[in-house]
>>> print(open('entry_13.cif').read())   # mmCIF, C-alpha atoms
data_target
loop_
_atom_site.label_atom_id
_atom_site.label_comp_id
_atom_site.auth_asym_id
_atom_site.auth_seq_id
_atom_site.Cartn_x
_atom_site.Cartn_y
_atom_site.Cartn_z
CA MET A 1 103.75 93.59 15.06
CA LEU A 2 101.83 93.11 18.31
CA LYS A 3 101.19 96.77 19.05
CA ASP A 4 100.58 97.70 15.44
CA ARG A 5 98.20 94.82 14.90
CA SER A 6 96.13 96.01 17.87
CA GLY A 7 95.68 99.49 16.37
CA ARG A 8 95.59 101.02 19.86
CA GLY A 9 97.77 103.41 21.83
CA TYR A 10 99.68 102.81 25.06
CA ASP A 11 97.03 104.36 27.31
CA ARG A 12 94.23 102.19 25.98
CA LEU A 13 96.36 99.04 25.88
CA GLY A 14 97.59 99.74 29.40
CA LYS A 15 94.06 100.11 30.68
CA GLU A 16 93.05 96.78 29.18
CA ALA A 17 96.24 95.11 30.45
CA GLY A 18 95.81 96.51 33.97
CA VAL A 19 98.82 98.85 33.95
CA SER A 20 99.37 102.55 33.27
CA GLY A 21 100.15 103.67 29.74
CA SER A 22 103.44 105.22 30.86
CA SER A 23 104.55 101.96 32.51
CA LEU A 24 103.64 100.00 29.39
CA HIS A 25 105.66 102.47 27.31
CA ARG A 26 108.70 101.90 29.56
CA TYR A 27 108.38 98.14 29.18
CA CYS A 28 108.00 98.35 25.42
CA SER A 29 110.99 100.71 25.23
CA GLY A 30 113.21 98.26 27.11
CA LEU A 31 113.80 100.64 30.03
CA SER A 32 112.49 98.22 32.66
CA VAL A 33 111.05 94.73 33.10
CA PRO A 34 107.64 94.11 34.70
CA THR A 35 107.89 92.42 38.11
CA GLU A 36 104.97 90.19 37.09
CA TYR A 37 104.57 88.33 33.83
CA ARG A 38 100.84 89.03 34.15
CA VAL A 39 101.45 92.43 32.54
CA VAL A 40 103.34 90.97 29.59
CA HIS A 41 100.77 88.24 29.12
CA ALA A 42 97.80 90.64 29.32
CA PHE A 43 99.45 92.95 26.78
CA GLY A 44 100.07 90.06 24.42
CA LYS A 45 96.51 88.84 24.79
CA VAL A 46 94.85 92.18 24.03
CA CYS A 47 97.13 92.49 20.99
CA GLY A 48 96.09 89.06 19.71
CA ALA A 49 99.38 87.23 20.35
CA SER A 50 99.40 83.55 19.46
CA ALA A 51 100.09 80.79 21.97
CA GLU A 52 103.60 80.36 20.54
CA GLU A 53 104.29 84.09 20.85
CA LEU A 54 103.12 84.04 24.46
CA ARG A 55 105.39 81.08 25.19
CA GLU A 56 108.43 82.94 23.88
CA LEU A 57 107.46 86.15 25.67
CA HIS A 58 107.26 84.23 28.92
CA ARG A 59 110.58 82.45 28.39
CA LEU A 60 112.45 85.68 27.78
CA TRP A 61 110.66 87.50 30.60
CA ALA A 62 111.58 84.67 33.01
CA LEU A 63 115.25 85.01 32.04
CA ALA A 64 115.15 88.77 32.55
CA ASP A 65 113.34 88.33 35.86
CA SER A 66 115.87 85.77 37.10
CA ASP A 67 118.61 88.41 36.78
CA ARG A 68 116.95 90.86 39.17
CA ASP A 69 118.69 89.80 42.37
CA ALA A 70 122.22 90.59 41.27
CA PRO A 71 121.60 94.20 40.23
CA ALA A 72 119.25 94.73 43.15
CA ALA A 73 121.93 93.63 45.60
CA THR A 74 124.52 95.85 43.86
CA ALA A 75 122.23 98.84 43.98
CA ALA A 76 121.47 98.23 47.66
CA THR A 77 125.19 98.00 48.47
CA ALA A 78 125.93 101.23 46.62
CA ALA A 79 123.10 103.03 48.39
CA THR A 80 124.38 101.88 51.79
CA ALA A 81 127.90 103.06 50.99
CA GLU A 82 126.70 106.52 49.93
CA ASP A 83 123.86 107.15 52.33
CA GLY A 84 124.75 105.01 55.32
CA PRO A 85 122.69 102.15 56.78
CA GLU A 86 118.94 102.20 56.54
CA PRO A 87 117.03 102.82 59.77
CA SER A 88 115.92 99.20 59.94
CA ALA A 89 117.74 96.07 58.89
CA GLU A 90 114.48 94.21 58.59
CA PRO A 91 113.58 93.62 54.93
CA LYS A 92 110.23 94.85 53.77
CA PRO A 93 107.80 92.02 53.15
CA ALA A 94 107.26 91.18 49.53
CA ARG A 95 103.92 92.07 47.97
CA GLU A 96 101.49 89.23 48.27
CA PRO A 97 100.54 88.09 44.76
CA ALA A 98 97.03 87.85 43.51
CA PRO A 99 95.66 84.50 44.69
CA HIS A 100 95.75 83.06 41.21
CA GLU A 101 98.31 84.81 39.06
CA PRO A 102 98.31 82.80 35.85
CA ALA A 103 101.15 80.73 34.64
CA GLY A 104 103.29 80.72 31.55
CA PRO A 105 102.46 78.13 28.95
CA ALA A 106 104.33 74.91 28.85
CA ARG A 107 105.34 73.01 25.77
CA THR A 108 103.53 69.80 26.51
CA THR A 109 103.59 66.77 24.29
CA ASP A 110 99.88 67.16 23.59
CA PRO A 111 99.12 70.89 23.43
CA GLU A 112 95.67 72.11 22.63
CA PRO A 113 95.99 74.50 19.66
CA ASP A 114 93.62 77.13 21.01
CA ASP A 115 95.06 77.20 24.52
CA VAL A 116 96.80 80.28 25.77
CA THR A 117 98.21 80.26 29.25
CA PRO A 118 99.12 83.12 31.56
CA PRO A 119 102.10 83.97 33.60
CA GLN A 120 104.69 82.16 35.29
CA THR A 121 107.49 83.78 37.17
CA SER A 122 110.46 81.68 38.13
CA ASP A 123 113.21 81.65 40.71
CA ALA A 124 114.62 78.19 40.06
CA GLU A 125 118.06 78.85 41.41
CA ALA A 126 117.20 79.26 45.08
CA GLY A 127 113.42 79.54 45.46
CA ALA A 128 114.00 82.60 47.65
CA PRO A 129 111.75 85.68 47.72
CA ARG A 130 112.79 88.44 45.35
CA ARG A 131 112.63 92.18 45.66
CA ALA A 132 109.31 93.40 44.36
CA ARG A 133 110.81 96.46 42.64
CA LEU A 134 113.45 97.03 40.02
CA PRO A 135 116.85 98.54 40.87
CA ALA A 136 117.56 102.14 39.90
CA ARG A 137 119.78 100.95 37.07
CA LEU A 138 119.48 97.77 35.11
CA SER A 139 122.53 95.54 34.84
CA PRO A 140 123.88 95.13 31.28
CA LYS A 141 122.48 91.59 31.09
CA LEU A 142 119.06 92.61 32.41
CA ALA A 143 119.03 95.64 30.12
CA VAL A 144 119.64 93.40 27.11
CA LEU A 145 116.89 91.00 28.15
CA ALA A 146 114.53 93.91 28.83
CA THR A 147 115.23 95.16 25.34
CA VAL A 148 114.53 91.73 23.86
CA VAL A 149 111.21 91.51 25.72
CA ALA A 150 110.43 95.03 24.49
CA VAL A 151 111.19 94.02 20.91
CA LEU A 152 108.80 91.11 21.27
CA LEU A 153 106.11 93.34 22.75
CA VAL A 154 106.38 95.92 20.02
CA ALA A 155 107.59 93.93 17.03
CA GLY A 156 106.03 90.53 17.55
CA PHE A 157 107.42 87.01 17.70
CA ILE A 158 111.07 86.10 17.07
CA TRP A 159 113.05 83.13 18.34
CA LEU A 160 116.24 83.77 20.25
CA PRO A 161 118.03 80.79 21.87
CA PHE A 162 118.75 82.37 25.25
CA GLY A 163 119.58 80.31 28.30
CA ARG A 164 121.52 77.60 26.47
CA SER A 165 124.95 76.62 27.60
CA ALA A 166 127.43 74.38 25.91
CA GLY A 167 126.28 70.79 26.20
CA ALA A 168 127.89 69.00 29.08
CA THR A 169 129.35 65.59 28.50
CA PRO A 170 129.06 63.72 31.80
CA ALA A 171 131.88 61.33 32.59
CA SER A 172 129.73 58.48 33.82
CA GLY A 173 127.04 56.64 31.93
CA GLY A 174 124.10 54.40 32.57
CA ASP A 175 121.40 55.19 35.11
CA GLU A 176 123.82 57.11 37.32
CA LEU A 177 124.35 59.98 34.92
CA LEU A 178 123.08 62.57 37.39
CA ASP A 179 125.65 61.43 39.97
CA SER A 180 128.53 62.49 37.72
CA PRO A 181 130.48 65.71 38.41
CA ALA A 182 129.09 67.29 35.24
CA CYS A 183 125.57 67.02 36.65
CA ARG A 184 126.31 68.34 40.12
CA THR A 185 123.62 71.01 39.66
CA VAL A 186 120.71 70.94 37.23
CA SER A 187 118.57 74.07 37.20
CA MET A 188 116.72 76.70 35.19
CA GLY A 189 118.48 77.95 32.06
CA GLN A 190 120.71 74.88 31.70
CA HIS A 191 120.90 73.07 28.35
CA ASP A 192 122.84 69.80 28.29
CA GLU A 193 122.66 66.03 28.70
CA CYS A 194 122.10 66.38 32.44
CA VAL A 195 118.81 68.16 31.77
CA ARG A 196 117.91 65.56 29.16
CA GLU A 197 118.48 62.81 31.74
CA VAL A 198 116.19 64.58 34.23
CA GLN A 199 113.52 64.95 31.58
CA LYS A 200 113.75 61.26 30.62
CA LEU A 201 113.37 60.26 34.27
CA LEU A 202 110.35 62.55 34.66
CA VAL A 203 108.77 61.04 31.56
CA ARG A 204 109.45 57.59 33.00
CA ALA A 205 107.50 58.74 36.08
CA LYS A 206 104.63 59.58 33.68
CA GLY A 207 105.32 63.31 33.68
CA ARG A 208 104.13 65.14 30.57
CA LEU A 209 106.98 67.16 29.04
CA ALA A 210 109.27 67.35 26.03
CA VAL A 211 112.71 65.73 26.22
CA ASP A 212 114.85 68.40 24.56
CA GLY A 213 117.70 68.98 27.04
CA ASP A 214 116.47 72.52 27.74
CA PHE A 215 115.66 73.38 31.38
CA GLY A 216 112.95 75.95 30.79
CA PRO A 217 109.59 76.76 32.41
CA GLU A 218 108.04 73.42 31.42
CA THR A 219 110.83 71.41 33.07
CA LEU A 220 110.82 73.70 36.10
CA ARG A 221 107.14 72.98 36.64
CA ARG A 222 107.57 69.23 36.28
CA VAL A 223 110.59 69.11 38.57
CA THR A 224 108.76 71.12 41.24
CA ALA A 225 105.66 68.93 40.96
CA PHE A 226 107.77 65.79 41.20
CA GLN A 227 109.51 67.13 44.32
CA VAL A 228 106.16 67.79 46.01
CA LEU A 229 104.90 64.31 45.14
CA ALA A 230 108.18 62.75 46.30
CA GLY A 231 108.12 64.59 49.61
CA VAL A 232 111.44 66.36 49.09
CA THR A 233 112.10 70.09 49.32
CA ALA A 234 110.40 71.72 46.33
CA ARG A 235 113.08 74.17 45.19
CA GLY A 236 112.81 73.61 41.45
CA VAL A 237 116.50 72.64 41.41
CA VAL A 238 117.50 69.00 40.92
CA ASP A 239 119.43 68.31 44.13
CA ASP A 240 120.71 65.03 45.57
CA ASP A 241 117.38 64.13 47.19
CA THR A 242 115.55 64.73 43.93
CA LYS A 243 118.06 62.62 41.97
CA LYS A 244 117.60 59.72 44.39
CA ALA A 245 113.81 59.99 44.11
CA LEU A 246 113.99 60.09 40.32
CA TYR A 247 116.12 56.95 40.13
CA ALA A 248 114.08 55.14 42.81
CA GLN A 249 111.03 55.07 40.50
CA LYS A 250 108.59 55.15 43.43
CA VAL A 251 106.77 58.34 42.43
CA THR A 252 104.12 58.51 39.72
CA MET A 253 102.95 61.72 38.08
CA VAL A 254 99.85 60.10 36.61
CA THR A 255 96.86 62.41 37.02
CA TRP A 256 93.50 63.23 35.47
CA SER A 257 93.23 63.86 31.75
CA ARG A 258 92.12 67.27 30.53
CA ALA A 259 88.82 65.75 29.45
CA LYS A 260 88.16 64.44 32.96
CA VAL A 261 89.22 67.76 34.52
CA THR A 262 86.84 69.61 32.20
CA GLU A 263 83.97 67.27 33.01
CA ARG A 264 84.48 67.64 36.76
CA ILE A 265 84.75 71.44 36.59
CA ARG A 266 81.43 71.57 34.78
CA GLU A 267 79.84 69.40 37.46
CA VAL A 268 81.16 71.44 40.38
CA PHE A 269 80.65 74.88 38.78
CA ALA A 270 77.11 74.12 37.66
CA GLU A 271 76.22 77.82 38.04
CA ASP A 272 78.70 78.95 35.34
CA PRO A 273 80.48 75.93 33.85
CA ASP A 274 81.73 77.55 30.62
CA THR A 275 83.53 80.41 32.37
CA ALA A 276 84.95 78.09 35.01
CA VAL A 277 86.47 75.82 32.37
CA ALA A 278 87.83 78.83 30.46
CA VAL A 279 89.45 80.24 33.62
CA ALA A 280 91.04 76.90 34.49
CA ARG A 281 92.33 76.50 30.93
CA CYS A 282 93.76 80.03 31.07
CA ALA A 283 95.41 79.39 34.43
CA SER A 284 96.85 75.91 33.95
CA PHE A 285 96.00 74.38 30.57
CA LEU A 286 93.70 72.17 32.70
CA ASP A 287 96.84 70.49 34.05
CA PRO A 288 96.40 69.19 37.65
CA LEU A 289 100.19 69.34 38.24
CA TYR A 290 100.75 72.88 37.00
CA VAL A 291 103.03 75.05 39.17
CA LEU A 292 103.71 78.78 38.97
CA PRO A 293 106.54 80.38 40.97
CA ASN A 294 105.99 84.08 41.79
CA THR A 295 108.65 86.77 42.11
CA ASN A 296 108.25 86.94 45.91
CA GLY A 297 108.99 83.25 46.41
CA SER A 298 105.40 82.04 46.73
CA ARG A 299 103.82 79.66 44.24
CA ASN A 300 100.46 78.78 42.73
CA TRP A 301 99.31 75.18 42.43
CA GLY A 302 97.13 72.89 40.37
CA VAL A 303 94.15 73.25 38.05
CA PHE A 304 92.99 76.62 39.39
CA GLN A 305 96.47 77.83 40.44
CA ILE A 306 95.65 78.27 44.11
CA SER A 307 98.28 80.40 45.82
CA ASP A 308 100.22 79.57 48.97
CA THR A 309 98.20 82.19 50.85
CA ARG A 310 94.89 80.76 49.73
CA LEU A 311 96.10 77.24 50.56
CA GLN A 312 96.64 78.33 54.15
CA GLU A 313 93.17 79.83 54.29
CA LEU A 314 91.66 76.66 52.82
CA ASP A 315 93.66 74.34 55.09
CA GLY A 316 95.46 72.91 52.07
CA THR A 317 98.97 71.97 51.03
CA PRO A 318 100.76 71.87 47.65
CA ARG A 319 100.33 68.11 47.56
CA ARG A 320 96.63 68.42 48.28
CA ALA A 321 96.34 71.13 45.62
CA PHE A 322 97.63 68.62 43.06
CA ASP A 323 94.52 66.50 43.74
CA PRO A 324 92.18 67.83 41.02
CA GLU A 325 89.06 66.96 43.01
CA TRP A 326 90.25 68.98 46.01
CA ASN A 327 91.53 71.83 43.81
CA ILE A 328 88.30 72.22 41.86
CA ARG A 329 86.17 72.16 45.00
CA ALA A 330 88.49 74.65 46.71
CA ALA A 331 88.21 76.97 43.71
CA HIS A 332 84.42 76.73 43.92
CA ARG A 333 84.62 77.76 47.57
CA LEU A 334 86.54 80.86 46.51
CA TRP A 335 84.05 81.53 43.71
CA SER A 336 81.14 81.22 46.16
CA VAL A 337 82.29 84.22 48.20
CA ARG A 338 80.99 86.67 45.59
CA HIS A 339 79.72 84.33 42.90
CA ASP A 340 82.30 85.56 40.42
CA PHE A 341 85.87 84.85 39.37
CA HIS A 342 87.50 87.85 41.09
CA ASP A 343 90.21 85.54 42.48
CA TRP A 344 91.47 85.08 38.91
CA PRO A 345 91.66 88.71 37.70
CA SER A 346 94.18 88.14 34.93
CA CYS A 347 92.27 85.25 33.41
CA GLU A 348 88.97 87.03 33.72
CA ALA A 349 90.43 90.10 31.99
CA ALA A 350 92.04 87.95 29.33
CA LEU A 351 88.74 86.23 28.59
CA LYS A 352 87.01 89.56 28.16
CA ASN A 353 89.72 90.98 25.93
CA THR A 354 90.47 87.96 23.74
CA PRO A 355 89.98 88.99 20.09
CA LYS A 356 87.21 87.09 18.38
CA SER A 357 88.44 84.93 15.52
#
>>> encode(input="entry_13.cif", output="structure tokens")
Amino acid sequence: MLKDRSGRGYDRLGKEAGVSGSSLHRYCSGLSVPTEYRVVHAFGKVCGASAEELRELHRLWALADSDRDAPAATAATAATAEDGPEPSAEPKPAREPAPHEPAGPARTTDPEPDDVTPPQTSDAEAGAPRRARLPARLSPKLAVLATVVAVLLVAGFIWLPFGRSAGATPASGGDELLDSPACRTVSMGQHDECVREVQKLLVRAKGRLAVDGDFGPETLRRVTAFQVLAGVTARGVVDDDTKKALYAQKVTMVTWSRAKVTERIREVFAEDPDTAVAVARCASFLDPLYVLPNTNGSRNWGVFQISDTRLQELDGTPRRAFDPEWNIRAAHRLWSVRHDFHDWPSCEAALKNTPKS
């Protein structure tokens, strides 16, 4: 069991994971779901969770997180009915995420056995900002998912096939499968032949992912990256424009190998090459096309997971962030401010707290 294997209490674990002991107890009891996967990932890391355990923790957390909007809207409606309208109709701005909140691990076709990757949060359905706080009461579905995440946090790794729907059997065949009525929408949580077709087309474009018919975090990242490279709206949902771009075969997802990324990081971060490589591996598995959606609608991009906010400050764009040369140099500019890796707090903490094997 994760907590038992650590031999530590909630207060100490919470301190190492960057959250209060009482909050960690609520999460482990299934009473609420963290708004950031960073907390779940950090807890798993300090408890010695394996890469496979972290993958499953992320998948279940993402499903629980994706159910926030419905209960939040219900709670807001109920509050308005009982207490009257709020003084201002303007929504409060969402909390800006840490510049480089880490991303959840992907099941790539060539995983590195010692890699462990941080958080990803996902809003594949609409790509819209979420509320940064939980509703007063969890919906039944969210409560169940919160409990499952809690079981994983306290009891360790188990496999539960959430997010799978009955396999769709599209009416049309051939290369126009995605144009059939059965494939009208293809998005996060879907499991059918429509997803498999999307994955095959991404692989044909030289995207690295498994073809398993399951639209999970890995597929979400690849779809979003493809959309950026194709110049279509990057919503993480396979819409008509994305389908056309996939079938047109004009976009390539070929990028640097991990070996080349590692070599270049060491050259640019000559002052501290080992830590720089470790941070990049933690953030993105050294994948130049890695994408992390955050709960407030923003996203992190590329090797060093540079956030939308930092991209603006660095005069960058998501497409530019997918250029590993630009991304690594931009990360070095951020590092140069204080000559440390404070812009990657979760990865830095994870590196310090990783149990020695």
>>> resolve_selection(input="entry_13.cif", expression="the PyMOL selection byres ((chain A and resi 268) around 12)", output="number ranges by chain")
A: 261-267, 269-274, 276-277, 324-333, 335-336
>>> residues_around(input="entry_13.cif", residues="A:Gln199", least_positions_apart="6", cutoff="8 Å", atoms="only C-alpha atoms", output="compact mmCIF listing (two decimals) with C-alpha atoms, in the coordinates of the input")
# COMPACT_ATOMS: atom_id res chain seq x y z
CA LEU A 209 106.98 67.16 29.04
CA ALA A 210 109.27 67.35 26.03
CA VAL A 211 112.71 65.73 26.22
CA ASP A 212 114.85 68.40 24.56
CA GLY A 213 117.70 68.98 27.04
CA THR A 219 110.83 71.41 33.07
>>> atom_distance(input="entry_13.cif", atom1="atom CA of A:Glu218", atom2="atom CA of A:Lys352")
26.7 Å
>>> atom_distance(input="entry_13.cif", atom1="atom CA of A:Arg310", atom2="atom CA of A:Asp287")
18.8 Å
>>> atom_distance(input="entry_13.cif", atom1="atom CA of A:Asp343", atom2="atom CA of A:Arg221")
21.9 Å
>>> resolve_selection(input="entry_13.cif", expression="the PyMOL selection byres ((chain A and resi 224-236) around 9)", output="PyMOL selection string")
chain A and resi 123-128+187-188+202+205+207+219-223+237-239+241-242+245-246+250-253+289-291+318-319+322
>>> closest_residue(input="entry_13.cif", among="A:Tyr27, A:Tyr10, A:Trp256, A:Trp344", to="A:Val279", atoms="all atoms listed in the file")
A:Trp344
>>> closest_residue(input="entry_13.cif", among="A:Cys282, A:Val337, A:Ser307, A:Ser257", to="A:Asn294", atoms="all atoms listed in the file")
A:Ser307
>>> residues_around(input="entry_13.cif", residues="A:Val303", least_positions_apart="3", cutoff="6 Å", atoms="all atoms listed in the file", output="list in words")
Ala280, Ser284, Leu286, Asp287 and Pro288 of chain A
